[in-house]
$ cat coords.txt   # compact mmCIF, C-alpha atoms
# COMPACT_ATOMS: atom_id res chain seq x y z
CA MET A 16 27.48 33.04 0.34
CA LEU A 17 24.47 31.49 2.06
CA LYS A 18 23.42 28.21 0.38
CA LEU A 19 19.68 27.95 -0.21
CA GLN A 20 19.67 24.70 -2.21
CA THR A 21 21.25 21.28 -2.18
CA PRO A 22 22.37 20.90 -5.82
CA VAL A 23 21.95 17.51 -7.45
CA GLU A 24 24.84 16.54 -9.69
CA SER A 25 23.69 14.93 -12.92
CA GLY A 26 27.05 14.72 -14.61
CA LYS A 27 27.31 14.59 -18.38
CA SER A 28 25.77 11.85 -20.50
CA LYS A 29 28.19 9.34 -21.99
CA PHE A 30 26.32 9.24 -25.30
CA GLY A 31 23.60 11.90 -25.04
CA ILE A 32 21.17 12.74 -27.80
CA SER A 33 21.60 14.72 -30.99
CA TYR A 34 19.63 15.92 -33.98
CA ASP A 35 20.82 12.84 -35.85
CA ASP A 36 18.99 10.54 -33.41
CA ASP A 37 15.53 9.00 -33.58
CA ILE A 38 14.39 8.98 -29.94
CA LEU A 39 11.72 6.66 -28.55
CA MET A 40 10.18 7.69 -25.22
CA LEU A 41 7.91 5.55 -23.04
CA GLY A 42 6.61 6.15 -19.54
CA SER A 43 4.76 8.39 -17.15
CA CYS A 44 3.35 11.90 -17.57
CA PHE A 45 6.90 13.20 -17.33
CA THR A 46 7.59 11.43 -20.63
CA ASP A 47 4.86 13.54 -22.21
CA ASN A 48 6.33 16.73 -20.72
CA MET A 49 9.87 16.01 -21.92
CA GLY A 50 8.64 14.59 -25.22
CA ASP A 51 6.82 17.85 -25.96
CA LYS A 52 9.97 19.80 -25.13
CA LEU A 53 12.17 17.64 -27.35
CA SER A 54 9.69 17.73 -30.20
CA GLY A 55 9.31 21.51 -29.89
CA ALA A 56 13.09 21.78 -29.94
CA GLY A 57 13.14 19.99 -33.29
CA PHE A 58 14.25 16.50 -32.26
CA ASP A 59 12.80 13.43 -33.98
CA VAL A 60 10.76 11.90 -31.16
CA CYS A 61 8.09 9.23 -30.76
CA ALA A 62 6.58 9.57 -27.26
CA ASN A 63 4.03 7.22 -25.67
CA PRO A 64 2.31 5.79 -28.75
CA PHE A 65 -0.04 3.84 -26.41
CA GLY A 66 -0.56 6.75 -24.03
CA THR A 67 0.87 7.30 -20.57
CA LEU A 68 2.49 4.27 -18.92
CA PHE A 69 3.46 4.06 -15.26
CA ASN A 70 4.95 0.74 -14.10
CA PRO A 71 7.96 -1.08 -15.62
CA LYS A 72 5.98 -4.15 -16.62
CA SER A 73 3.47 -2.16 -18.68
CA ILE A 74 6.32 -0.24 -20.29
CA ALA A 75 8.05 -3.52 -21.17
CA ILE A 76 4.86 -4.98 -22.67
CA SER A 77 4.56 -1.90 -24.87
CA PHE A 78 8.27 -2.00 -25.72
CA PHE A 79 8.08 -5.58 -27.03
CA ARG A 80 4.84 -4.95 -28.87
CA LEU A 81 6.62 -2.17 -30.74
CA LYS A 82 9.71 -4.30 -31.27
CA ASN A 83 7.69 -7.18 -32.73
CA ASN A 84 4.96 -5.06 -34.36
CA VAL A 85 2.17 -7.12 -32.77
CA GLY A 86 -1.14 -5.60 -33.82
CA PHE A 87 -4.27 -5.27 -31.70
CA THR A 88 -7.28 -7.48 -32.40
CA SER A 89 -10.86 -7.78 -31.19
CA SER A 90 -9.61 -9.95 -28.31
CA ASP A 91 -7.81 -6.87 -26.94
CA CYS A 92 -10.96 -4.76 -26.95
CA ILE A 93 -12.45 -4.05 -23.52
CA GLN A 94 -15.68 -2.30 -22.60
CA MET A 95 -14.83 0.50 -20.21
CA GLY A 96 -16.64 0.64 -16.88
CA ALA A 97 -18.52 3.41 -15.02
CA GLY A 98 -20.99 3.74 -17.89
CA ALA A 99 -18.39 5.26 -20.19
CA GLY A 100 -19.78 3.44 -23.23
CA LEU A 101 -16.35 3.33 -24.81
CA ILE A 102 -13.94 0.65 -26.06
CA CYS A 103 -10.29 0.60 -25.09
CA SER A 104 -7.65 -2.03 -24.18
CA PHE A 105 -5.67 -2.88 -21.08
CA SER A 106 -2.55 -1.81 -23.00
CA HIS A 107 -3.67 1.78 -23.58
CA HIS A 108 -4.37 4.98 -21.73
CA THR A 109 -8.06 5.92 -21.84
CA ALA A 110 -7.23 8.76 -24.25
CA PHE A 111 -7.29 6.01 -26.89
CA ALA A 112 -10.87 4.96 -26.03
CA ARG A 113 -13.37 5.14 -28.87
CA ALA A 114 -17.11 4.63 -29.31
CA SER A 115 -16.79 1.41 -31.32
CA GLU A 116 -14.44 -1.54 -31.55
CA LYS A 117 -13.60 -0.69 -35.15
CA ASP A 118 -12.74 2.91 -34.36
CA PHE A 119 -10.57 1.85 -31.46
CA LEU A 120 -8.68 -0.79 -33.46
CA ASP A 121 -8.19 1.50 -36.45
CA ASN A 122 -6.70 4.21 -34.25
CA ALA A 123 -4.65 1.86 -32.04
CA ASN A 124 -3.15 -0.07 -34.94
CA ASP A 125 -2.39 3.06 -36.94
CA SER A 126 -0.45 4.44 -33.96
CA LEU A 127 1.25 1.07 -33.44
CA SER A 128 2.29 0.75 -37.09
CA LYS A 129 3.91 4.18 -37.19
CA ALA A 130 5.60 3.75 -33.81
CA SER A 131 6.87 0.26 -34.66
CA ALA A 132 8.50 1.56 -37.84
CA PHE A 133 10.07 4.35 -35.77
CA PHE A 134 11.27 1.84 -33.17
CA LYS A 135 13.09 -0.18 -35.81
CA ASP A 136 15.33 2.75 -36.75
CA CYS A 137 15.69 4.54 -33.41
CA GLY A 138 19.02 4.40 -31.62
CA LYS A 139 18.09 6.08 -28.33
CA VAL A 140 15.37 5.08 -25.86
CA ILE A 141 14.32 7.19 -22.88
CA LEU A 142 12.26 5.29 -20.30
CA THR A 143 10.58 7.07 -17.37
CA PHE A 144 9.22 4.83 -14.63
CA GLY A 145 6.52 6.33 -12.44
CA THR A 146 5.78 3.61 -9.91
CA ALA A 147 6.52 0.01 -9.00
CA TRP A 148 2.88 -0.47 -7.98
CA CYS A 149 0.73 -2.21 -10.57
CA PHE A 150 -2.65 -3.85 -11.08
CA ARG A 151 -3.04 -7.49 -12.11
CA LEU A 152 -6.21 -8.65 -13.87
CA ASN A 153 -7.45 -11.56 -11.77
CA SER A 154 -9.02 -13.49 -14.65
CA THR A 155 -5.83 -13.69 -16.74
CA GLY A 156 -2.94 -12.64 -14.50
CA LEU A 157 -2.11 -9.81 -16.93
CA ILE A 158 -0.49 -6.64 -15.57
CA VAL A 159 -2.64 -3.86 -17.01
CA THR A 160 -1.65 -0.39 -18.10
CA ASN A 161 -5.02 1.03 -17.09
CA CYS A 162 -7.97 -0.42 -15.18
CA LEU A 163 -10.39 1.35 -17.55
CA LYS A 164 -12.76 2.34 -14.71
CA ARG A 165 -13.84 -1.29 -14.28
CA ASP A 166 -14.78 -2.83 -10.93
CA ALA A 167 -11.84 -2.85 -8.53
CA LYS A 168 -12.70 -6.46 -7.62
CA GLU A 169 -11.43 -7.52 -11.05
CA PHE A 170 -7.85 -6.55 -10.09
CA THR A 171 -5.22 -7.23 -7.47
CA ARG A 172 -2.91 -4.37 -6.58
CA GLU A 173 0.71 -5.32 -5.93
CA MET A 174 4.18 -3.81 -5.91
CA MET A 175 6.96 -5.24 -8.03
CA THR A 176 10.07 -6.28 -6.14
CA MET A 177 13.47 -4.88 -7.01
CA GLU A 178 14.44 -8.24 -8.50
CA GLU A 179 11.31 -8.35 -10.68
CA THR A 180 11.87 -4.77 -11.78
CA PHE A 181 15.50 -5.44 -12.65
CA SER A 182 14.53 -8.53 -14.66
CA VAL A 183 11.88 -6.63 -16.62
CA ILE A 184 14.25 -3.77 -17.44
CA GLU A 185 17.07 -6.14 -18.36
CA GLY A 186 14.76 -7.94 -20.75
CA MET A 187 14.36 -4.72 -22.73
CA VAL A 188 17.99 -3.63 -22.59
CA SER A 189 19.45 -6.98 -23.59
CA SER A 190 17.05 -7.51 -26.50
CA VAL A 191 18.12 -4.60 -28.69
CA ASP A 192 21.21 -2.73 -29.82
CA LYS A 193 20.11 0.68 -28.55
CA LYS A 194 21.25 3.20 -25.94
CA PHE A 195 18.99 3.79 -22.92
CA ILE A 196 18.50 6.79 -20.67
CA PHE A 197 16.43 6.01 -17.59
CA THR A 198 14.60 8.45 -15.37
CA VAL A 199 12.26 8.10 -12.42
CA SER A 200 9.27 10.40 -12.63
CA PRO A 201 9.33 13.36 -10.24
CA ILE A 202 5.57 13.02 -9.88
CA ARG A 203 4.65 11.74 -6.41
CA HIS A 204 2.02 8.97 -6.31
CA LEU A 205 0.48 10.03 -3.02
CA SER A 206 -2.51 7.74 -3.52
CA ASP A 207 -0.06 5.07 -2.36
CA GLY A 208 0.64 7.11 0.76
CA ALA A 209 3.89 8.99 1.38
CA HIS A 210 5.64 5.84 2.60
CA GLY A 211 4.26 3.70 -0.23
CA ASN A 212 5.44 6.26 -2.76
CA GLN A 213 8.96 6.20 -1.31
CA LEU A 214 9.08 2.41 -1.30
CA SER A 215 7.99 2.40 -4.92
CA LYS A 216 10.50 5.02 -6.05
CA SER A 217 13.27 3.27 -4.12
CA THR A 218 12.48 -0.02 -5.87
CA LEU A 219 12.77 1.69 -9.25
CA LEU A 220 15.98 3.48 -8.34
CA LEU A 221 17.68 0.34 -7.05
CA ALA A 222 16.76 -1.65 -10.17
CA ILE A 223 17.97 1.11 -12.50
CA GLU A 224 21.23 1.39 -10.56
CA GLU A 225 21.87 -2.32 -11.07
CA ILE A 226 21.06 -2.10 -14.78
CA CYS A 227 23.45 0.82 -15.26
CA ARG A 228 26.18 -1.10 -13.44
CA LYS A 229 25.68 -4.21 -15.55
CA TYR A 230 25.33 -2.40 -18.90
CA PRO A 231 27.45 0.76 -18.51
CA GLU A 232 28.12 1.00 -22.24
CA LYS A 233 24.44 1.36 -23.15
CA CYS A 234 22.59 2.53 -20.01
CA GLU A 235 22.64 5.65 -17.88
CA TYR A 236 20.43 7.56 -15.47
CA PHE A 237 19.20 11.15 -15.34
CA PRO A 238 18.14 12.22 -11.81
CA ALA A 239 14.85 14.01 -12.53
CA TYR A 240 13.29 12.66 -9.32
CA GLU A 241 16.21 13.79 -7.17
CA ILE A 242 16.24 17.27 -8.72
CA MET A 243 12.56 17.66 -7.89
CA MET A 244 12.92 16.32 -4.35
CA ASP A 245 16.03 18.32 -3.43
CA GLU A 246 16.60 21.35 -5.60
CA LEU A 247 12.88 22.07 -6.10
CA ARG A 248 11.53 20.87 -2.76
CA ASP A 249 9.53 24.07 -2.13
CA TYR A 250 5.79 23.68 -2.77
CA ARG A 251 5.80 26.65 -5.14
CA PHE A 252 7.33 24.24 -7.65
CA TYR A 253 4.28 21.96 -7.54
CA ALA A 254 0.96 22.16 -9.36
CA GLU A 255 -2.28 22.60 -7.41
CA ASP A 256 -2.55 18.87 -6.69
CA MET A 257 0.76 19.07 -4.76
CA SER A 258 2.00 15.98 -6.66
CA HIS A 259 2.82 17.08 -10.20
CA PRO A 260 5.63 19.52 -11.00
CA SER A 261 4.58 23.03 -11.94
CA ASN A 262 5.37 24.39 -15.40
CA GLN A 263 8.29 26.26 -13.86
CA ALA A 264 9.66 23.03 -12.40
CA ILE A 265 9.26 21.24 -15.74
CA ASP A 266 11.16 24.04 -17.46
CA TYR A 267 13.93 23.80 -14.85
CA ILE A 268 14.30 20.04 -15.17
CA TRP A 269 14.28 20.42 -18.95
CA GLU A 270 17.22 22.83 -18.66
CA ARG A 271 19.03 20.35 -16.45
CA PHE A 272 18.33 17.56 -18.95
CA CYS A 273 19.78 19.72 -21.72
CA ASP A 274 22.91 20.21 -19.59
CA PHE A 275 23.10 16.43 -19.21
CA ALA A 276 22.28 15.17 -22.70
CA LEU A 277 23.12 17.88 -25.27
CA THR A 278 26.28 19.38 -26.63
CA GLU A 279 26.56 23.14 -26.25
CA GLU A 280 25.90 23.57 -29.98
CA ASN A 281 22.76 21.44 -29.87
CA ARG A 282 21.60 23.15 -26.70
CA ARG A 283 21.74 26.55 -28.41
CA LYS A 284 19.90 25.12 -31.41
CA ALA A 285 17.23 23.59 -29.15
CA ALA A 286 16.71 26.89 -27.35
CA ASP A 287 16.38 28.75 -30.66
CA ASN A 288 13.89 26.20 -31.96
CA LEU A 289 11.77 26.39 -28.81
CA ARG A 290 11.68 30.18 -28.99
CA ALA A 291 10.65 29.99 -32.65
CA ALA A 292 7.95 27.43 -31.85
CA LYS A 293 6.62 29.64 -29.06
CA ARG A 294 6.47 32.67 -31.35
CA SER A 295 4.67 30.73 -34.09
CA SER A 296 2.08 29.45 -31.61
CA HIS A 297 1.01 32.99 -30.69
CA ARG A 298 -2.04 34.13 -32.62
CA GLN A 299 -1.77 37.35 -34.57
CA ILE A 300 -4.30 39.78 -33.15
CA THR A 301 -5.49 42.54 -35.48
CA THR A 302 -7.64 45.41 -34.30
CA GLY A 303 -8.53 46.77 -37.71
CA ASN A 304 -7.80 50.16 -39.13
CA ILE A 305 -7.36 53.07 -36.71
$ encode --input "coords.txt" --output "structure tokens"
Amino acid sequence: MLKLQTPVESGKSKFGISYDDDILMLGSCFTDNMGDKLSGAGFDVCANPFGTLFNPKSIAISFFRLKNNVGFTSSDCIQMGAGAGLICSFSHHTAFARASEKDFLDNANDSLSKASAFFKDCGKVILTFGTAWCFRLNSTGLIVTNCLKRDAKEFTREMMTMEETFSVIEGMVSSVDKKFIFTVSPIRHLSDGAHGNQLSKSTLLLAIEEICRKYPEKCEYFPAYEIMMDELRDYRFYAEDMSHPSNQAIDYIWERFCDFALTEENRRKAADNLRAAKRSSHRQITTGNI
């Protein structure tokens, strides 16, 4: 038979996930996609309690804030730029921005408190790295999660080295007694240029490979990026921006993740739960008496 794809072997997870697990997820937009799937399938999931995170350093900062339950204070509050008139922090996605400092802190610390309690009991962590490129705030040297639409002159853009990335990831892995599943986001960061995107993804992949070699009993990798690049390389599997996966691609990678991480019994249960959730989300339309 004529081969029309180059299949990517994901293997089977050594420890996987189950309905007995509390699962923390941090990372790029792909974390949100998979987090929604897992939650809809009935798993106990806490996904991106600070909003979308892209680079390993920002993910690590969030990880340790959750681990140590370090609350946000007025010193973390930043006025957003571009006339937004909103308050946020360099540790949050702009979805957390609010009109006042009090509103921002109330919301941010409520989310932190719940997520930190979840972190304490969770046994599985899924981290999705989007890019090795990051922005450093010139005045403090802090790597920021989001530039908050402020003047570009306030930041220096730089790419983490493989050694830096490895060190950051190892800091998380070695600090807790939890199992880790790593992925690299299939979303292409073409604002870095095609070559810059590949350099970034390669940096992430090399660092993760070294982590999985050093900590084989608690770390493994799911090849979401490779599945997108090889099995789903046709542009019909991309959204209109030609960078993000289409809904069909997300569904396909979800199925592949289920193959990787779930037992057959749990996979059937997840599929049933997702179908039930989809049915319940449909509005009942009545046309009245005929």
$ atom_distance --input "coords.txt" --atom1 "CA of Phe45 (chain A)" --atom2 "CA of Ala291 (chain A)"
23.0 Å
$ residues_around --input "coords.txt" --residues "Ser215 (chain A)" --least-positions-apart "3" --cutoff "7 Å" --atoms "all atoms listed in the file" --output "PDB file with C-alpha atoms, keeping the file's coordinate frame"
ATOM      1  CA  THR A 146       5.780   3.610  -9.910  1.00  0.00           C
ATOM      2  CA  ALA A 147       6.520   0.010  -9.000  1.00  0.00           C
ATOM      3  CA  TRP A 148       2.880  -0.470  -7.980  1.00  0.00           C
ATOM      4  CA  GLY A 211       4.260   3.700  -0.230  1.00  0.00           C
ATOM      5  CA  ASN A 212       5.440   6.260  -2.760  1.00  0.00           C
ATOM      6  CA  THR A 218      12.480  -0.020  -5.870  1.00  0.00           C
ATOM      7  CA  LEU A 219      12.770   1.690  -9.250  1.00  0.00           C
TER       8      LEU A 219
END
$ residues_around --input "coords.txt" --residues "Gln263 (chain A)" --least-positions-apart "4" --cutoff "9 Å" --atoms "only C-alpha atoms" --output "PyMOL selection string"
chain A and resi 252-253+267-268
$ closest_residue --input "coords.txt" --among "A:Thr176, A:Asn70, A:Gln94, A:Asn63" --to "Cys149 (chain A)" --atoms "all atoms listed in the file"
A:Asn70
$ atom_distance --input "coords.txt" --atom1 "CA of Ala62 (chain A)" --atom2 "CA of Ser77 (chain A)"
11.9 Å
$ closest_residue --input "coords.txt" --among "A:Leu39, A:Val85, A:Ala292, A:Leu157" --to "Asn124 (chain A)" --atoms "all atoms listed in the file"
A:Val85
$ residues_around --input "coords.txt" --residues "Ile196 (chain A)" --least-positions-apart "5" --cutoff "10 Å" --atoms "all atoms listed in the file" --output "number ranges by chain"
A: 28, 30-32, 40, 139-143, 223, 227, 233-237, 276
$ write_last_selection --input "coords.txt" --atoms "C-alpha atoms" --output "JSON list (two decimals), in the frame of the given file"
[["chain", "number", "residue", "atom", "x", "y", "z"],
["A", 28, "SER", "CA", 25.77, 11.85, -20.50],
["A", 30, "PHE", "CA", 26.32, 9.24, -25.30],
["A", 31, "GLY", "CA", 23.60, 11.90, -25.04],
["A", 32, "ILE", "CA", 21.17, 12.74, -27.80],
["A", 40, "MET", "CA", 10.18, 7.69, -25.22],
["A", 139, "LYS", "CA", 18.09, 6.08, -28.33],
["A", 140, "VAL", "CA", 15.37, 5.08, -25.86],
["A", 141, "ILE", "CA", 14.32, 7.19, -22.88],
["A", 142, "LEU", "CA", 12.26, 5.29, -20.30],
["A", 143, "THR", "CA", 10.58, 7.07, -17.37],
["A", 223, "ILE", "CA", 17.97, 1.11, -12.50],
["A", 227, "CYS", "CA", 23.45, 0.82, -15.26],
["A", 233, "LYS", "CA", 24.44, 1.36, -23.15],
["A", 234, "CYS", "CA", 22.59, 2.53, -20.01],
["A", 235, "GLU", "CA", 22.64, 5.65, -17.88],
["A", 236, "TYR", "CA", 20.43, 7.56, -15.47],
["A", 237, "PHE", "CA", 19.20, 11.15, -15.34],
["A", 276, "ALA", "CA", 22.28, 15.17, -22.70]]
$ residues_around --input "coords.txt" --residues "Pro64 (chain A)" --least-positions-apart "3" --cutoff "7 Å" --atoms "all atoms listed in the file" --output "PyMOL selection string"
chain A and resi 126-127+130
$ residues_around --input "coords.txt" --residues "Glu225 (chain A)" --least-positions-apart "4" --cutoff "12 Å" --atoms "all atoms listed in the file" --output "PyMOL selection string"
chain A and resi 177-178+180-182+184-185+197+218-221+229-231+234-236
$ build_atoms --input "coords.txt" --residues "region 224-245 of chain A" --atoms "N, CA and C atoms" --output "short mmCIF file (atom, residue, chain, number, x, y, z; two decimals), in the coordinates of the input"
data_model
loop_
_atom_site.label_atom_id
_atom_site.label_comp_id
_atom_site.auth_asym_id
_atom_site.auth_seq_id
_atom_site.Cartn_x
_atom_site.Cartn_y
_atom_site.Cartn_z
N GLU A 224 19.82 1.35 -10.94
CA GLU A 224 21.23 1.39 -10.56
C GLU A 224 21.94 0.09 -10.95
N GLU A 225 21.28 -1.04 -10.72
CA GLU A 225 21.87 -2.32 -11.07
C GLU A 225 22.00 -2.50 -12.58
N ILE A 226 20.99 -2.03 -13.32
CA ILE A 226 21.06 -2.10 -14.78
C ILE A 226 22.22 -1.27 -15.31
N CYS A 227 22.38 -0.06 -14.79
CA CYS A 227 23.45 0.82 -15.26
C CYS A 227 24.82 0.26 -14.90
N ARG A 228 24.92 -0.46 -13.80
CA ARG A 228 26.18 -1.10 -13.44
C ARG A 228 26.49 -2.27 -14.37
N LYS A 229 25.46 -3.02 -14.73
CA LYS A 229 25.68 -4.21 -15.55
C LYS A 229 25.88 -3.87 -17.02
N TYR A 230 25.24 -2.78 -17.49
CA TYR A 230 25.33 -2.40 -18.90
C TYR A 230 25.80 -0.95 -19.03
N PRO A 231 27.00 -0.64 -18.53
CA PRO A 231 27.45 0.76 -18.51
C PRO A 231 27.65 1.35 -19.90
N GLU A 232 27.86 0.49 -20.89
CA GLU A 232 28.12 1.00 -22.24
C GLU A 232 26.85 1.43 -22.96
N LYS A 233 25.68 1.03 -22.45
CA LYS A 233 24.44 1.36 -23.15
C LYS A 233 23.34 1.90 -22.24
N CYS A 234 23.62 2.06 -20.95
CA CYS A 234 22.59 2.53 -20.01
C CYS A 234 23.12 3.63 -19.11
N GLU A 235 22.30 4.64 -18.87
CA GLU A 235 22.64 5.65 -17.88
C GLU A 235 21.37 6.27 -17.31
N TYR A 236 21.55 7.05 -16.26
CA TYR A 236 20.43 7.56 -15.47
C TYR A 236 20.49 9.07 -15.36
N PHE A 237 19.33 9.71 -15.56
CA PHE A 237 19.20 11.15 -15.34
C PHE A 237 18.33 11.38 -14.11
N PRO A 238 18.81 12.14 -13.11
CA PRO A 238 18.14 12.22 -11.81
C PRO A 238 17.00 13.24 -11.73
N ALA A 239 15.98 13.08 -12.56
CA ALA A 239 14.85 14.01 -12.53
C ALA A 239 14.15 13.99 -11.17
N TYR A 240 13.98 12.79 -10.61
CA TYR A 240 13.29 12.66 -9.32
C TYR A 240 14.07 13.37 -8.22
N GLU A 241 15.38 13.19 -8.20
CA GLU A 241 16.21 13.79 -7.17
C GLU A 241 16.25 15.32 -7.29
N ILE A 242 16.26 15.82 -8.52
CA ILE A 242 16.24 17.27 -8.72
C ILE A 242 14.95 17.87 -8.16
N MET A 243 13.84 17.17 -8.41
CA MET A 243 12.56 17.66 -7.89
C MET A 243 12.52 17.60 -6.37
N MET A 244 13.01 16.52 -5.81
CA MET A 244 12.92 16.32 -4.35
C MET A 244 13.87 17.21 -3.57
N ASP A 245 15.02 17.56 -4.17
CA ASP A 245 16.03 18.32 -3.43
C ASP A 245 16.14 19.77 -3.87
#
